[in-house]
Amino acid sequence: MPLLEATGIDKRFGGVVALRDAAFSCEAGEIHALLGENGAGKSTMVKILCGVQPADAGTVVYRGQPVSHRNPAEATAAGIVPVFQELSVIPDLSVAQNLFLEREPRTRLGLVDGRRMQRDAAALLERLGFGGIDPGATIRDLPLAERQLVEIAKALGRDPVVLVLDEATSALNRQQVEQVFAAVRRLCDGGTGVVFISHRMDEVRALCDRATVFRDGQTVGTVEVARASTDEIVQMMIGRPLREAFPPRPPLPADAPPLLEVRHLTWGNDLRDVSLTVRAGEVLGLSGLEGQGQGDLLFALFGVYAGVGGEVLMRGQPVRLGGPRGAMEADLALVPEDRKTQGLILPLPVGENMTLATLADVSRLGVVDPAREAAATGRMTGALAIKTPSMDVPVRSLSGGNQQKVAIAKWLLTEARVILMHDPTRGIDVGAKQEIYALIRELTAAGHGIVLFSTDLAEVVGLCDRALVMYEGAVARELSGPDLTEANLVSAAVGVGAPAAAS
Amino acid sequence: MATAEASAPTAPGPAPADRVVRRRPFAVRNARLLLVWGLLLALLAVYVAKAPNFRPREQRTIANSGLTLAAASLGQTLVVFTGGIDLSVGPMVSLTNSVASAATDKQDPNPSMLKATLLALLIGAAGGAVNGALVAYGRLQPIIVTLATASVWTGIALHIRPKPGGYVPPDFVELLSGTAFQKNGPPGVPPLPKALFVLAGLVLFWLVFRRTRLCSRLLAVGSNEGSAYMSGVNVQRAQMAAYTLAGISAAVAGLIASAQTATGNAWAGNVLTLNSIAAVVLGGAALAGGSGSYLGSLAGAYVIALIPSVLFFYGVSPFYQQLFQGSILLIAVSIGALGVLRVRNRLDRL
């Protein structure tokens with residue numbers, strides 16, 4: 001008998017069907033992957049399992065009993081413990097307070113036993129291999145990766161019967177992922193069932209026993225991960241064979257004019273003497289280990305940082321790094337990493353999000369002209385194949401891939417010549433990824449320049465004309481042509497191979 | 001808030017799995033608290049240096065001057081923890097003050113404030129619970145809920161006490177606002193304002209309260225309501241508790257006001273609403289919620305209470321009192337916010 005079994009699950013949001021007759025089951029001691037494009041229904045499924053939202057129909061059987069948890073607290077108390085991509089740690093509380101929230105050890109007087117909580121927290125972190133985190137540190141002061149480790153530790157500390165990991169390792173480096181996987185495997189040896197969602201196929205291969213594939217809210221099938229090829233699984237996910245992943249890359253004309261020139265850019269210790277040039281029609285990749293200054297470089301170019309030294313020229317004219325407005329006036333655009341907080345205003349309608357950066361263009365005498373707005377948004381919706389019921393629904397109701405397209409559309413409307421992109425395909429599905437790849441190439445064909453920071457090496461190799469590998473805030477190496485390979489990117493990232501060359 | 005969150009100042013650089021992340025040093029974590037206590041001690045020093053006398057009588061005056069605000073600020077602090085605000089604190093002080101002045105009969109040969117005290121606390125709790133219910137279950141904005149109930153409390157207070165008056169037994173006046181050990185104290189113990197004992201009680205309450213689960217819940221709700229919910233915190237119940245405690249603390253302030261003025265007045269406490277918010281902010285709590293300490297609010301309350309006395313001894317006309325008070329408040333919170341200028345990421349300055 002499975003530990004957890006969902007059958008016949010239906011769920012709709014307004015007119016949109018999220019799940020239709022969906023099913024899957026997880027055995028004790030099994031690590032079970034849920035796979036599918038964004039919007040396929042995996043996240044809806046785990047939210048139902050974890051009591052975040054109710055199912056419209058269907059049954060969930062847990063340890064032989066039908067259950068329907070009304071809220072996360074009930075599900076957690078029953079042993080179904082989730083770790084979601086959106087962090088649920090409390091920024092102003094300490095690590096220890098977060099680990100033991102709502103189950104704090106108490107003294108005989110009923111007060112929170114702070115000393116024991118610190119001790120237990122330190123022991124828990126140590127046991128999981130996260131001993132470098134001070135239980136007394138405030139979450140706000142932790143880097144993103146450590147916050148995610150605390151999130152995972154919080155769930156593991158609750159002795160889960162079923163552990164749900166929904167994109168729970170997205171901010172971690174390889175070594176940290178390995179530590180988490182080791183802890184998860186130990187848990188499974190003790191009989192815990194794990195439901196695992198990740199867009200990283202290599203993680204699914206490394207960790208999971210079986211995988212259930214979702215498409216358009218329905219269950220396509222369940223496979224033994226070891227017996228199925230990645231191609232087979234991807235085909236199940238997208239319902240058609242995988243095409244050539246990247247669009248063709250025409251050679252850059254020798255006389256392509258430089259658009260963006262950056263000279264000796266410096267920002268504290270985080271950016272050290274960075275120089276680069278982006279020519280019309282070029283995709284310049286940024287690569288390297290995470291947190292080596294790539295994101296800082298994009299923010300600095302867009303004027304988000306104060307106290308930046310060096311020179312930035314657009315088509316030969318100096319750019320004043322005083323804030324996003326100055327950058328926009330210089331024909332720069334930034335599609336930021338975090339679309340939920342920086343790229344989009346989630347509760348606002350799709351249309352208003354799209355025109356937010358170009359309100360002057362769609363207004364007459366300071367009043368938004370609905371006809372112009374509709375023309376602009378309509379053009380973008382068509383060009384980017386954005387799937388939305390209308391321009392008036394809140395952008396948060398769209399799938400991740402379509403949200404990202406809206407965020408990109410906003411900047412395309414500004415007709416910026418150089419578009420800075422920070423991981424534009426993170427956390428979105430295969431189909432939407434390919435559409436964004438094609439879009440990037442259409443933009444360069446029209447003479448735009450792109451700076452693309454991607455954590456996905458295949459993307460850097462497949463999409464970029466040239467790539468700068470950054471290390472500790474400086475450009476460690478420039479790769480182009482036949483040298484631009486995943487192997488070279490990796491060796492440059494960790495500081496081995498050919499000596500550093502300035503661009 | 002959300003923006004600052006997503007782009008939190010994280011130390012860039014390589015992130016090996018065995019990287020050590022330490023808590024920030026004590027003085028950094030408690031900078032705002034140290035600042036407000038430094039300001040209070042400075043003001044006290046300036047006062048003592050200029051005041052003609054600093055005998056038990058003056059000590060008592062000073063201790064009493066900030067006591068109602070200190071009591072009212074306790075509840076305001078807890079509400080601000082949750083990211084809310086309580087504009088009905090002052091009118092609740094007035095209402096309970098009016099009720100207390102009417103609950104004891106002057107003709108009673110053996111007057112007792114027990115009934116008045118219990119009644120005031122009950123009214124405070126009930127009024128706070130109404131605020132809490134509207135905020136937590138009605139999903140209404142705290143600022144508008146408490147603005148409305150503030151008017152309602154004032155209306156009821158005016159009905160009970162259309163003009164100042166009523167009776168407060170002398171025993172009660174002495175109990176909360178007199179001087180202890182004045183005549184027959186233990187040897188070696190100087191006379192002490194009884195307000196200090198009330199303050200000690202408030203501080204003791206805080207020291208216990210901050211070690212309760214409820215305190216963590218309030219901070220969690222104010223820091224990130226969604227995360228708190230996902231962590232199994234009963235958000236509504238936590239909000240109810242914060243506003244109810246704010247009502248009770250306003251009632252305590254109302255009783256203190258009764259003792260200090262020996263009368264009832266339907267407008268007695270209205271000034272405390274904005275001053276309690278100022279005290280909480282001076283004390284280092286974030287109005288957005290999630291952080292702060294009553295020890296800071298307490299010092300903030302006395303800073304606000306001391307400013308008029310200090311100005312008086314320096315011969316500043318009362319006409320300029322508001323000007324100075326506002327300026328000092330602005331300067332103090334600006335110093336507390338100076339750190340933002342060092343933030344090199346403009347997103348984090350928002």
# chains A, B, ... in the order shown; residues from 1 in each chain; ligands from 1
call {"tool": "residues_around", "arguments": {"residues": "segment 440-446 of chain A", "least_positions_apart": "5", "cutoff": "8 Å", "atoms": "only C-alpha atoms", "output": "PyMOL selection string"}}
result
chain A and resi 247+249+280-283
call {"tool": "interface_residues", "arguments": {"of": "chain A", "to": "chain B", "cutoff": "6 Å", "atoms": "only C-alpha atoms", "output": "VMD selection string"}}
result
chain A and resid 72 to 73 88 90 92 111 to 112 132 to 134 136 to 137 143 175 to 176 291 to 292 304 to 306 341 472
call {"tool": "select_by_dssp", "arguments": {"residues": "segment 267-417 of chain A", "states": "alpha helix (DSSP H)", "output": "PyMOL selection string"}}
result
chain A and resi 294-301+324-329+350-355+370-384+400-412
call {"tool": "atom_distance", "arguments": {"atom1": "atom CA of Ala200 of chain B", "atom2": "atom CA of Ala129 of chain B"}}
result
26.1 Å
call {"tool": "residues_around", "arguments": {"residues": "Ala286 of chain B", "least_positions_apart": "2", "cutoff": "12 Å", "atoms": "only C-alpha atoms", "output": "JSON, numbers by chain"}}
result
{"A": [92], "B": [1, 32, 77, 78, 79, 80, 81, 82, 83, 84, 85, 219, 222, 223, 277, 278, 279, 280, 281, 282, 283, 284, 288, 289, 290, 291, 292, 293, 296, 297, 333, 336, 337]}
call {"tool": "write_last_selection", "arguments": {"atoms": "N, CA and C atoms", "output": "CSV table (one decimal), in the first residue's frame"}}
result
chain,number,residue,atom,x,y,z
A,92,ASP,N,12.9,38.3,9.9
A,92,ASP,CA,13.3,39.0,11.1
A,92,ASP,C,13.6,38.1,12.3
B,1,MET,N,9.2,46.8,0.9
B,1,MET,CA,9.5,45.7,1.8
B,1,MET,C,9.9,44.5,1.0
B,32,ARG,N,19.9,50.4,17.5
B,32,ARG,CA,18.7,51.4,17.7
B,32,ARG,C,18.4,51.5,19.2
B,77,THR,N,3.6,48.8,20.9
B,77,THR,CA,4.7,48.0,20.4
B,77,THR,C,4.3,46.7,19.9
B,78,LEU,N,3.4,46.0,20.6
B,78,LEU,CA,3.0,44.7,20.2
B,78,LEU,C,2.2,44.7,18.9
B,79,VAL,N,1.4,45.7,18.8
B,79,VAL,CA,0.6,45.9,17.5
B,79,VAL,C,1.6,46.1,16.4
B,80,VAL,N,2.5,47.0,16.6
B,80,VAL,CA,3.5,47.3,15.5
B,80,VAL,C,4.3,46.1,15.2
B,81,PHE,N,4.6,45.2,16.1
B,81,PHE,CA,5.3,44.0,15.9
B,81,PHE,C,4.6,43.2,14.7
B,82,THR,N,3.3,43.2,14.7
B,82,THR,CA,2.5,42.5,13.7
B,82,THR,C,2.4,43.3,12.4
B,83,GLY,N,3.0,44.4,12.3
B,83,GLY,CA,2.9,45.3,11.1
B,83,GLY,C,1.6,46.1,11.1
B,84,GLY,N,0.9,46.1,12.2
B,84,GLY,CA,-0.3,47.0,12.3
B,84,GLY,C,0.0,48.3,13.1
B,85,ILE,N,-1.1,49.0,13.3
B,85,ILE,CA,-1.0,50.2,14.1
B,85,ILE,C,-2.3,50.4,14.8
B,219,LEU,N,5.9,38.6,15.9
B,219,LEU,CA,7.0,39.1,15.1
B,219,LEU,C,7.0,38.4,13.7
B,222,GLY,N,4.4,39.9,11.5
B,222,GLY,CA,4.7,41.2,11.0
B,222,GLY,C,5.9,41.1,10.0
B,223,SER,N,6.7,40.2,10.2
B,223,SER,CA,7.9,40.0,9.3
B,223,SER,C,7.5,39.5,7.9
B,277,ILE,N,3.0,56.0,19.1
B,277,ILE,CA,3.7,55.6,17.8
B,277,ILE,C,5.1,56.2,17.7
B,278,ALA,N,5.2,57.4,18.1
B,278,ALA,CA,6.5,58.1,18.1
B,278,ALA,C,7.5,57.3,19.0
B,279,ALA,N,7.0,57.0,20.2
B,279,ALA,CA,7.9,56.3,21.2
B,279,ALA,C,8.3,54.9,20.6
B,280,VAL,N,7.4,54.2,20.0
B,280,VAL,CA,7.8,52.9,19.4
B,280,VAL,C,8.8,53.0,18.3
B,281,VAL,N,8.6,54.0,17.5
B,281,VAL,CA,9.6,54.2,16.4
B,281,VAL,C,10.9,54.7,16.9
B,282,LEU,N,10.9,55.6,17.9
B,282,LEU,CA,12.1,56.1,18.5
B,282,LEU,C,12.8,54.9,19.1
B,283,GLY,N,12.1,54.0,19.7
B,283,GLY,CA,12.6,52.8,20.3
B,283,GLY,C,13.2,51.8,19.3
B,284,GLY,N,13.1,52.0,18.0
B,284,GLY,CA,13.8,51.2,17.1
B,284,GLY,C,12.9,50.1,16.4
B,288,ALA,N,6.9,48.7,9.7
B,288,ALA,CA,6.5,47.6,8.8
B,288,ALA,C,6.3,46.3,9.5
B,289,GLY,N,6.7,46.2,10.8
B,289,GLY,CA,6.5,45.0,11.6
B,289,GLY,C,7.8,44.1,11.6
B,290,GLY,N,7.7,43.2,12.5
B,290,GLY,CA,8.7,42.1,12.6
B,290,GLY,C,9.9,42.4,13.5
B,291,SER,N,10.1,43.6,14.0
B,291,SER,CA,11.2,43.8,14.8
B,291,SER,C,11.0,44.9,15.8
B,292,GLY,N,11.8,44.9,16.9
B,292,GLY,CA,11.6,45.9,17.9
B,292,GLY,C,11.7,45.3,19.3
B,293,SER,N,11.7,46.2,20.3
B,293,SER,CA,11.7,45.8,21.7
B,293,SER,C,11.0,46.8,22.6
B,296,GLY,N,13.1,49.5,24.1
B,296,GLY,CA,13.3,50.7,23.3
B,296,GLY,C,12.1,51.7,23.4
B,297,SER,N,10.9,51.1,23.2
B,297,SER,CA,9.7,52.0,23.3
B,297,SER,C,9.6,52.7,24.6
B,333,VAL,N,15.1,59.8,14.7
B,333,VAL,CA,14.8,58.7,13.8
B,333,VAL,C,15.7,58.8,12.6
B,336,GLY,N,18.8,57.1,13.4
B,336,GLY,CA,18.6,55.7,13.4
B,336,GLY,C,18.5,55.1,12.0
B,337,ALA,N,18.2,56.0,11.1
B,337,ALA,CA,18.1,55.5,9.7
B,337,ALA,C,19.3,55.8,8.9
call {"tool": "atom_distance", "arguments": {"atom1": "atom CA of Pro142 of chain B", "atom2": "atom CA of Leu218 of chain B"}}
result
14.8 Å
call {"tool": "closest_residue", "arguments": {"among": "A:Val367, A:Leu313, A:Val81, A:Leu348", "to": "Val395 of chain A", "atoms": "only C-alpha atoms"}}
result
A:Leu348
call {"tool": "atom_distance", "arguments": {"atom1": "atom CA of Ser25 of chain A", "atom2": "atom CA of Leu99 of chain A"}}
result
28.7 Å
call {"tool": "select_by_dssp", "arguments": {"residues": "segment 194-409 of chain A", "states": "strand (DSSP E)", "output": "PyMOL selection string"}}
result
chain A and resi 194-197+210-215+218-224+258-267+271-279+283-287+309-314+317-318+332-335+363-364+367-368
call {"tool": "residues_around", "arguments": {"residues": "Ala23 of chain A", "least_positions_apart": "4", "cutoff": "9 Å", "atoms": "only C-alpha atoms", "output": "PyMOL selection string"}}
result
chain A and resi 5-9+45+58+212+218-219
call {"tool": "decode", "arguments": {"residues": "segment 100-194 of chain B", "atoms": "C-alpha atoms", "output": "PDB file, in the first residue's frame"}}
result
ATOM      1  CA  ALA B 100     -12.590  54.742  36.475  1.00  0.00           C
ATOM      2  CA  SER B 101     -13.510  58.217  37.699  1.00  0.00           C
ATOM      3  CA  ALA B 102     -17.180  57.313  37.633  1.00  0.00           C
ATOM      4  CA  ALA B 103     -17.011  53.848  39.158  1.00  0.00           C
ATOM      5  CA  THR B 104     -16.222  54.825  42.742  1.00  0.00           C
ATOM      6  CA  ASP B 105     -18.710  56.702  44.872  1.00  0.00           C
ATOM      7  CA  LYS B 106     -17.333  59.696  46.773  1.00  0.00           C
ATOM      8  CA  GLN B 107     -19.843  59.047  49.597  1.00  0.00           C
ATOM      9  CA  ASP B 108     -18.473  55.512  50.147  1.00  0.00           C
ATOM     10  CA  PRO B 109     -16.770  55.586  53.569  1.00  0.00           C
ATOM     11  CA  ASN B 110     -14.465  52.774  52.476  1.00  0.00           C
ATOM     12  CA  PRO B 111     -13.699  53.613  48.846  1.00  0.00           C
ATOM     13  CA  SER B 112     -12.051  50.892  46.786  1.00  0.00           C
ATOM     14  CA  MET B 113     -10.739  51.133  43.252  1.00  0.00           C
ATOM     15  CA  LEU B 114     -10.979  47.375  42.770  1.00  0.00           C
ATOM     16  CA  LYS B 115     -14.255  47.573  40.880  1.00  0.00           C
ATOM     17  CA  ALA B 116     -13.042  50.511  38.770  1.00  0.00           C
ATOM     18  CA  THR B 117      -9.761  48.748  37.995  1.00  0.00           C
ATOM     19  CA  LEU B 118     -11.410  45.526  36.891  1.00  0.00           C
ATOM     20  CA  LEU B 119     -13.993  47.400  34.861  1.00  0.00           C
ATOM     21  CA  ALA B 120     -11.318  49.469  33.103  1.00  0.00           C
ATOM     22  CA  LEU B 121      -9.225  46.395  32.251  1.00  0.00           C
ATOM     23  CA  LEU B 122     -12.307  44.587  30.987  1.00  0.00           C
ATOM     24  CA  ILE B 123     -13.275  47.519  28.770  1.00  0.00           C
ATOM     25  CA  GLY B 124      -9.710  47.743  27.480  1.00  0.00           C
ATOM     26  CA  ALA B 125      -9.659  44.049  26.620  1.00  0.00           C
ATOM     27  CA  ALA B 126     -13.086  44.192  24.987  1.00  0.00           C
ATOM     28  CA  GLY B 127     -12.256  47.283  22.934  1.00  0.00           C
ATOM     29  CA  GLY B 128      -8.939  45.785  21.863  1.00  0.00           C
ATOM     30  CA  ALA B 129     -10.683  42.556  20.917  1.00  0.00           C
ATOM     31  CA  VAL B 130     -13.095  44.521  18.700  1.00  0.00           C
ATOM     32  CA  ASN B 131     -10.122  46.097  16.906  1.00  0.00           C
ATOM     33  CA  GLY B 132      -8.447  42.719  16.628  1.00  0.00           C
ATOM     34  CA  ALA B 133     -11.539  40.981  15.280  1.00  0.00           C
ATOM     35  CA  LEU B 134     -12.077  43.620  12.604  1.00  0.00           C
ATOM     36  CA  VAL B 135      -8.435  43.474  11.546  1.00  0.00           C
ATOM     37  CA  ALA B 136      -7.933  39.707  11.779  1.00  0.00           C
ATOM     38  CA  TYR B 137     -11.278  38.332  10.648  1.00  0.00           C
ATOM     39  CA  GLY B 138     -12.748  41.363   8.897  1.00  0.00           C
ATOM     40  CA  ARG B 139      -9.496  41.722   6.910  1.00  0.00           C
ATOM     41  CA  LEU B 140      -9.783  45.508   7.247  1.00  0.00           C
ATOM     42  CA  GLN B 141      -6.808  47.849   7.319  1.00  0.00           C
ATOM     43  CA  PRO B 142      -5.645  48.473  10.915  1.00  0.00           C
ATOM     44  CA  ILE B 143      -5.276  52.197  10.304  1.00  0.00           C
ATOM     45  CA  ILE B 144      -8.905  52.654   9.300  1.00  0.00           C
ATOM     46  CA  VAL B 145     -10.346  50.224  11.865  1.00  0.00           C
ATOM     47  CA  THR B 146      -8.598  51.911  14.753  1.00  0.00           C
ATOM     48  CA  LEU B 147      -9.271  55.408  13.411  1.00  0.00           C
ATOM     49  CA  ALA B 148     -12.970  54.558  13.481  1.00  0.00           C
ATOM     50  CA  THR B 149     -12.985  52.876  16.884  1.00  0.00           C
ATOM     51  CA  ALA B 150     -10.946  55.813  18.234  1.00  0.00           C
ATOM     52  CA  SER B 151     -13.913  58.055  17.488  1.00  0.00           C
ATOM     53  CA  VAL B 152     -16.279  55.533  19.025  1.00  0.00           C
ATOM     54  CA  TRP B 153     -14.264  55.307  22.257  1.00  0.00           C
ATOM     55  CA  THR B 154     -14.123  59.106  22.476  1.00  0.00           C
ATOM     56  CA  GLY B 155     -17.869  59.269  21.948  1.00  0.00           C
ATOM     57  CA  ILE B 156     -18.539  56.820  24.769  1.00  0.00           C
ATOM     58  CA  ALA B 157     -16.071  58.621  27.038  1.00  0.00           C
ATOM     59  CA  LEU B 158     -17.852  61.943  26.383  1.00  0.00           C
ATOM     60  CA  HIS B 159     -21.177  60.318  27.167  1.00  0.00           C
ATOM     61  CA  ILE B 160     -19.842  59.115  30.522  1.00  0.00           C
ATOM     62  CA  ARG B 161     -17.958  62.287  31.358  1.00  0.00           C
ATOM     63  CA  PRO B 162     -19.145  65.285  29.315  1.00  0.00           C
ATOM     64  CA  LYS B 163     -16.868  67.524  31.375  1.00  0.00           C
ATOM     65  CA  PRO B 164     -13.856  66.708  33.551  1.00  0.00           C
ATOM     66  CA  GLY B 165     -14.604  65.542  37.064  1.00  0.00           C
ATOM     67  CA  GLY B 166     -15.427  62.443  39.077  1.00  0.00           C
ATOM     68  CA  TYR B 167     -13.752  60.905  42.048  1.00  0.00           C
ATOM     69  CA  VAL B 168     -10.519  58.948  42.500  1.00  0.00           C
ATOM     70  CA  PRO B 169      -9.743  57.807  46.064  1.00  0.00           C
ATOM     71  CA  PRO B 170      -6.529  59.302  47.554  1.00  0.00           C
ATOM     72  CA  ASP B 171      -5.221  55.810  48.343  1.00  0.00           C
ATOM     73  CA  PHE B 172      -5.203  55.008  44.666  1.00  0.00           C
ATOM     74  CA  VAL B 173      -3.516  58.281  43.786  1.00  0.00           C
ATOM     75  CA  GLU B 174      -0.780  57.499  46.298  1.00  0.00           C
ATOM     76  CA  LEU B 175      -0.471  53.876  45.166  1.00  0.00           C
ATOM     77  CA  LEU B 176       0.408  54.668  41.542  1.00  0.00           C
ATOM     78  CA  SER B 177       1.875  58.162  41.676  1.00  0.00           C
ATOM     79  CA  GLY B 178       3.260  58.712  45.176  1.00  0.00           C
ATOM     80  CA  THR B 179       6.678  58.225  46.701  1.00  0.00           C
ATOM     81  CA  ALA B 180       7.747  55.037  48.479  1.00  0.00           C
ATOM     82  CA  PHE B 181      10.072  54.804  51.508  1.00  0.00           C
ATOM     83  CA  GLN B 182       9.547  58.486  52.187  1.00  0.00           C
ATOM     84  CA  LYS B 183       9.197  58.154  55.937  1.00  0.00           C
ATOM     85  CA  ASN B 184       9.722  54.638  57.200  1.00  0.00           C
ATOM     86  CA  GLY B 185      11.602  52.837  54.449  1.00  0.00           C
ATOM     87  CA  PRO B 186      14.230  50.193  55.181  1.00  0.00           C
ATOM     88  CA  PRO B 187      17.542  51.706  56.324  1.00  0.00           C
ATOM     89  CA  GLY B 188      19.809  52.799  53.466  1.00  0.00           C
ATOM     90  CA  VAL B 189      17.007  52.833  50.905  1.00  0.00           C
ATOM     91  CA  PRO B 190      16.269  56.326  49.561  1.00  0.00           C
ATOM     92  CA  PRO B 191      12.731  57.487  48.848  1.00  0.00           C
ATOM     93  CA  LEU B 192      11.668  56.210  45.423  1.00  0.00           C
ATOM     94  CA  PRO B 193       8.841  57.279  43.111  1.00  0.00           C
ATOM     95  CA  LYS B 194       6.174  54.595  43.089  1.00  0.00           C
TER      96      LYS B 194
END
